[in-house]
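Structure first, then comments.
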Amino acid sequence: MAETEFKLTRAGDVAVAVVTMDGGEDTSAAVLGRAALESLARVLDELESGDWAAMVLTGRNRVFSAGADLRQLTSATRETAIAGSRAGHELFGRLRALPYPTVAAINGDCLGGGVEIALHCDARTISTGVRRFACPEVALGIVPAWGGTQLVPRLVGAEAAVAFVVSNPLRQNRMLDATRAQAQGFADRLVEPAELLDESIAFALELAERPLERGAPLVEDLERTLRRARAAVDDAVHGAAPAPYVALDLLEGALSGWSLERGLRAEEEAVGKLLPGRHAQASLYAFDLVQRRARVRTGAPPVEPLPVRRVGIVGAGLMATQIASLCLRRLEVPVVLRDVEAGIVERALETIRGELSSRVAEGRLDEGRARLLAELVTGGTGYDGFRDCDLVLEAVIERLDVKQQVLAEVEAVVGPACVLATNTSALSVERLSADLARPERLLGMHFFNPVALMPLLELVRTSRTDDVVLATAWDVGRRLGKSSVLVRDAPGFVLNRVLTRMTRVLLDALEHGNTAEEVDEAMLSLGMPMAPSVVLQLVGPRVAGQVLESLHEAFPDRFPLSPALAALAAGEDPPVLAHSPRTQEGIVRDAMEAVADEIHRLLEEGVVSEAADVDTTLLLGAGWPFFMGGATKYLDQTGVSERLFGRLLAETGTRAGI
């Protein structure tokens, strides 16, 4: 990856310095690491010594700056963290102190340190094409430490600052687009992309004649705003992660009369404490998994995928309808559904067309495009529409015999090159392919509910799955906006196997006298995004029971059937088999030891190649918090792995291709 370089040019005949943050052709390289800051120092020497009337700072390739180079933050010490924060403060402070107007022309993605360097300029313009403007540091277990916690509240006030610095990162890294950024006060002018640089130069020269007059930010509701914010953070992380609380303290200081110098020193101390800590290092590891590793097609075969110009979906229930809707919107190809009852199919078609109408009403889809897509989705009770399909995915009831029958029926209709996929949650894909004439064309494509929102796709390869078939499924997953993880065919695959093992421990606590509230509080104390009882209701006790039954058949000792789950599926209260309730600490210990044991087995069996695959599935498929790093990072950091296995889970596994 090339290093970002600050490049200085003169704007035509006027004495305006144009500084471009140039990450090269690879837009992911537009980060601020050591080399970039050294480059900035050299440019600042010229800006401080030259005869300039104004300066405009911008980026290129639709990226302003992606912020700090996260690769350089791993394995940080307190001293290196403080030094890195101070280096940014000093350099950006020199930018802020230039004796002429400075304007940040935000041309594209502006994240973290990119926002902070822009805030050190006197004013900001922003392109209408900007879609990602945010400070995501709290989601990474740290805080903005190049002035963000001090300059943001001074610019936009308490409520907007709390949302931007704390709340948005905790809500799956919500980001502002250009319109919202300008409306909230982060940018002074909203400009069309083609005019951004010229307008920004003119704005800078205008400021040389008439400086901006900014009013003081609103702080009269500071106490109430912070009280509500801390309550929201409690609900989100349950005290399990320190960064959002530290960020709120820094914002409060900025709005309560701290000098800027005092606030910057406080930022340095805060990042010096947070960055070397367990939560931040786990978060950086998790971020790398979901932003880089999950997108580089780890394990994908190096062959060309087949074209997919028509998709068939067998089933028209909840999951099948969601998958069909996503395929229709993302692939924009004909989609045909089939179910045993015409009424079920018609309801599915009505749901899909209703979703298209809703998107039009919300301004997320053009009306003409919606009409075209609505015409592309059809369905019925037969297989006539499947003959020309390039991909057929079955999403019927989770029963081996039913799925085998469906796949046989499909194979008898489709062409020889058609890829067959199953959305089974836990059944053996190998067994599903046993009676097929061409078993090499079948693989698992395991989606997660809700399909449109959950980014994970488990691709399940059998011993006979063809490379081209796998490559095609991988390409379809990419086009659907999914991050795929390759797993070997095994009961429960990865996510359901790990989560069901943990859930079985929690059900056992109910069966021994713990209340649902006690179990929920125990797991929420880890910072889990949802209570187990809520997750179970979303999945459905009946579906969870089907998965448990499949795993019980394969591993009866580790996955005993649950009277509590059976009762919940029947709408009854779970029975107490013996009154010996556990403490909150005991529930957490037993649950995480079960998770560790199951992950260790997955790695030893080669179901996945390495621990990173397990963590990716938990982060993307179950929403486990970044500050846990999935599961293996947490288990390794807290000593559970060493205690149980004598080594780290990160050091366990086959490292072999699947």
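Ligands are numbered from 1 in the order shown, chains are lettered A, B, ... in the order of the structure tokens, and residues start at 1 in each chain.
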Using only C-alpha atoms, what table do you get, as a Markdown table, when you list each residue of region 255-327 of chain A with an atom no more than 12 Å from region 613-637 of chain A, its nearest pair of atoms, and their distance in Å rounded to one decimal, rows by chain then rising number?
```
| residue | atom | partner | partner_atom | distance |
| --- | --- | --- | --- | --- |
| A:Leu274 | CA | A:Phe627 | CA | 11.5 |
| A:Leu275 | CA | A:Phe627 | CA | 11.6 |
| A:Gly277 | CA | A:Phe627 | CA | 10.1 |
| A:Arg278 | CA | A:Gln637 | CA | 7.0 |
| A:His279 | CA | A:Phe627 | CA | 4.5 |
| A:Ala280 | CA | A:Phe627 | CA | 6.3 |
| A:Gln281 | CA | A:Phe627 | CA | 7.8 |
| A:Ala282 | CA | A:Gly629 | CA | 4.4 |
| A:Ser283 | CA | A:Phe626 | CA | 4.5 |
| A:Leu284 | CA | A:Phe626 | CA | 7.8 |
| A:Tyr285 | CA | A:Gly629 | CA | 6.2 |
| A:Ala286 | CA | A:Gly629 | CA | 4.8 |
| A:Phe287 | CA | A:Phe626 | CA | 7.1 |
| A:Asp288 | CA | A:Thr616 | CA | 9.8 |
| A:Leu289 | CA | A:Thr616 | CA | 6.2 |
| A:Val290 | CA | A:Thr616 | CA | 6.6 |
| A:Gln291 | CA | A:Thr616 | CA | 10.2 |
| A:Arg292 | CA | A:Thr616 | CA | 10.9 |
| A:Arg293 | CA | A:Thr616 | CA | 8.7 |
| A:Ala294 | CA | A:Thr616 | CA | 7.3 |
| A:Arg295 | CA | A:Thr616 | CA | 11.1 |
| A:Arg297 | CA | A:Asp613 | CA | 11.6 |
| A:Thr298 | CA | A:Asp613 | CA | 9.3 |
| A:Gly299 | CA | A:Asp613 | CA | 10.5 |
```
Who sits within 12 Å of Asp557 (chain A), only C-alpha atoms, same chain under 4 positions skipped, as number ranges by chain = A: 501, 504, 551-553, 561
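Using only C-alpha atoms for every distance, the candidate list A:Ala417, A:Leu57, A:Leu190, A:Leu453 yields A:Ala417 as the residue closest to Leu391 (chain A).
Using only C-alpha atoms, the nearest neighbour of Arg60 (chain A) within the list A:Leu260, A:Leu393, A:Ala105, A:Leu459 is A:Ala105.
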Extract the full set of helix (DSSP H, G or I) residues from region 193-419 of chain A according to DSSP on the backbone, and format it as a PyMOL selection string.
-> chain A and resi 193-209+222-237+243-255+260-274+278-291+293-295+318-331+342-361+367-376+384-386+400-411
Could you please take those selected residues and save C-alpha atoms as a compact mmCIF listing (two decimals), in the first residue's frame?
```
# COMPACT_ATOMS: atom_id res chain seq x y z
CA PRO A 193 -18.43 17.99 -7.25
CA ALA A 194 -17.25 19.56 -10.52
CA GLU A 195 -17.18 23.01 -8.93
CA LEU A 196 -15.71 22.11 -5.54
CA LEU A 197 -12.10 23.19 -6.05
CA ASP A 198 -12.89 26.43 -7.88
CA GLU A 199 -15.61 27.37 -5.38
CA SER A 200 -13.30 26.57 -2.47
CA ILE A 201 -10.52 28.75 -3.86
CA ALA A 202 -12.96 31.61 -4.35
CA PHE A 203 -14.31 31.06 -0.81
CA ALA A 204 -10.78 31.16 0.62
CA LEU A 205 -10.06 34.45 -1.13
CA GLU A 206 -13.39 35.80 0.09
CA LEU A 207 -12.41 34.92 3.67
CA ALA A 208 -9.19 36.90 3.21
CA GLU A 209 -11.39 39.96 2.73
CA LEU A 222 -25.32 20.20 28.37
CA GLU A 223 -26.13 18.41 31.62
CA ARG A 224 -29.32 16.87 30.23
CA THR A 225 -27.64 15.91 26.96
CA LEU A 226 -24.76 14.17 28.72
CA ARG A 227 -27.05 12.41 31.18
CA ARG A 228 -29.12 10.98 28.33
CA ALA A 229 -25.97 10.10 26.39
CA ARG A 230 -24.47 8.16 29.29
CA ALA A 231 -27.73 6.25 29.74
CA ALA A 232 -27.70 5.38 26.04
CA VAL A 233 -24.09 4.20 26.29
CA ASP A 234 -25.03 2.05 29.28
CA ASP A 235 -27.76 0.44 27.17
CA ALA A 236 -25.35 -0.12 24.29
CA VAL A 237 -22.26 -1.52 26.02
CA ALA A 243 -14.04 4.37 25.07
CA PRO A 244 -17.54 5.90 24.82
CA TYR A 245 -17.45 7.00 28.47
CA VAL A 246 -14.01 8.59 28.01
CA ALA A 247 -15.23 10.35 24.87
CA LEU A 248 -18.20 11.83 26.76
CA ASP A 249 -15.87 13.13 29.47
CA LEU A 250 -13.70 14.84 26.85
CA LEU A 251 -16.72 16.39 25.12
CA GLU A 252 -17.98 17.64 28.47
CA GLY A 253 -14.63 19.26 29.19
CA ALA A 254 -14.61 21.04 25.84
CA LEU A 255 -18.07 22.47 26.50
CA LEU A 260 -8.07 24.06 23.80
CA GLU A 261 -4.57 23.31 25.04
CA ARG A 262 -5.91 21.54 28.13
CA GLY A 263 -8.35 19.56 26.01
CA LEU A 264 -5.64 18.40 23.61
CA ARG A 265 -3.46 17.22 26.52
CA ALA A 266 -6.48 15.32 27.86
CA GLU A 267 -6.95 13.66 24.47
CA GLU A 268 -3.34 12.51 24.52
CA GLU A 269 -3.68 11.00 27.97
CA ALA A 270 -6.95 9.32 27.01
CA VAL A 271 -5.59 7.64 23.88
CA GLY A 272 -2.44 6.70 25.79
CA LYS A 273 -4.60 4.72 28.17
CA LEU A 274 -7.09 3.31 25.66
CA ARG A 278 -7.56 -5.01 25.40
CA HIS A 279 -10.69 -3.40 23.98
CA ALA A 280 -8.92 -1.18 21.45
CA GLN A 281 -6.58 -3.89 20.22
CA ALA A 282 -9.49 -6.31 19.83
CA SER A 283 -11.47 -3.63 17.98
CA LEU A 284 -8.62 -2.94 15.56
CA TYR A 285 -8.35 -6.68 14.89
CA ALA A 286 -12.11 -6.89 14.30
CA PHE A 287 -12.10 -3.86 12.02
CA ASP A 288 -9.37 -5.40 9.90
CA LEU A 289 -11.39 -8.61 9.59
CA VAL A 290 -14.60 -7.01 8.38
CA GLN A 291 -13.10 -4.17 6.34
CA ARG A 293 -10.03 -9.70 5.17
CA ALA A 294 -13.71 -10.39 4.49
CA ARG A 295 -13.41 -8.48 1.21
CA LEU A 318 -39.91 -15.57 5.27
CA MET A 319 -36.27 -16.40 4.41
CA ALA A 320 -37.01 -17.33 0.79
CA THR A 321 -38.91 -14.08 0.25
CA GLN A 322 -36.11 -12.02 1.74
CA ILE A 323 -33.48 -13.77 -0.41
CA ALA A 324 -35.61 -13.32 -3.54
CA SER A 325 -36.10 -9.62 -2.80
CA LEU A 326 -32.38 -9.06 -2.30
CA CYS A 327 -31.49 -10.94 -5.50
CA LEU A 328 -34.02 -8.90 -7.45
CA ARG A 329 -32.76 -5.54 -6.20
CA ARG A 330 -29.03 -6.25 -6.28
CA LEU A 331 -28.67 -8.52 -9.31
CA ALA A 342 -50.30 -20.59 -4.86
CA GLY A 343 -51.45 -18.40 -1.96
CA ILE A 344 -48.04 -18.57 -0.30
CA VAL A 345 -46.33 -17.54 -3.52
CA GLU A 346 -48.73 -14.67 -4.10
CA ARG A 347 -48.16 -13.31 -0.59
CA ALA A 348 -44.40 -13.44 -1.19
CA LEU A 349 -44.75 -11.57 -4.49
CA GLU A 350 -46.94 -8.95 -2.80
CA THR A 351 -44.33 -8.51 -0.07
CA ILE A 352 -41.52 -8.03 -2.60
CA ARG A 353 -43.51 -5.54 -4.67
CA GLY A 354 -44.53 -3.73 -1.50
CA GLU A 355 -40.88 -3.34 -0.55
CA LEU A 356 -40.15 -1.83 -3.97
CA SER A 357 -42.99 0.66 -3.50
CA SER A 358 -41.72 1.59 -0.06
CA ARG A 359 -38.27 2.29 -1.47
CA VAL A 360 -39.79 4.57 -4.08
CA ALA A 361 -41.76 6.44 -1.38
CA GLU A 367 -40.16 4.71 -9.85
CA GLY A 368 -39.35 3.48 -13.36
CA ARG A 369 -36.72 1.10 -12.03
CA ALA A 370 -39.17 -0.20 -9.43
CA ARG A 371 -41.77 -0.97 -12.13
CA LEU A 372 -39.14 -2.85 -14.15
CA LEU A 373 -38.02 -4.89 -11.15
CA ALA A 374 -41.61 -5.69 -10.22
CA GLU A 375 -42.09 -7.19 -13.68
CA LEU A 376 -38.96 -9.34 -13.27
CA ASP A 384 -41.55 -24.31 -15.55
CA GLY A 385 -39.88 -20.96 -14.84
CA PHE A 386 -36.72 -22.68 -13.61
CA LEU A 400 -33.30 -33.53 5.14
CA ASP A 401 -35.86 -35.59 3.22
CA VAL A 402 -37.81 -32.55 2.03
CA LYS A 403 -34.70 -30.71 0.88
CA GLN A 404 -33.38 -33.80 -0.91
CA GLN A 405 -36.67 -34.16 -2.75
CA VAL A 406 -36.71 -30.49 -3.76
CA LEU A 407 -33.12 -30.59 -5.04
CA ALA A 408 -33.85 -33.72 -7.07
CA GLU A 409 -36.90 -32.04 -8.61
CA VAL A 410 -34.88 -28.96 -9.48
CA GLU A 411 -32.02 -30.97 -11.00
```
Near Val303 (chain A), within 9 Å and counting only C-alpha atoms, which residues show up once chain neighbours fewer than 5 positions away are dropped, as a ChimeraX atom specification?
-> /A:467-468,471
Would you list the contacts of region 418-427 of chain A as a PyMOL selection string, taking every protein, DNA or RNA residue within 9 Å and counting only C-alpha atoms, but skipping same-chain residues closer than 5 positions in sequence?
-> chain A and resi 306+308+319-320+388-400+403+407+410-411+432+441-448+469-470+472-473+489-493+496-497+546-548+550-551
Find the spatial neighbours of region 85-101 of chain A, counting only C-alpha atoms, within a cut-off of 7 Å - ignore same-chain residues fewer than 3 positions away - and output them as a ChimeraX atom specification.
-> /A:41,48,53-55,81-82,117,120-122,145-147,204,207-208,268
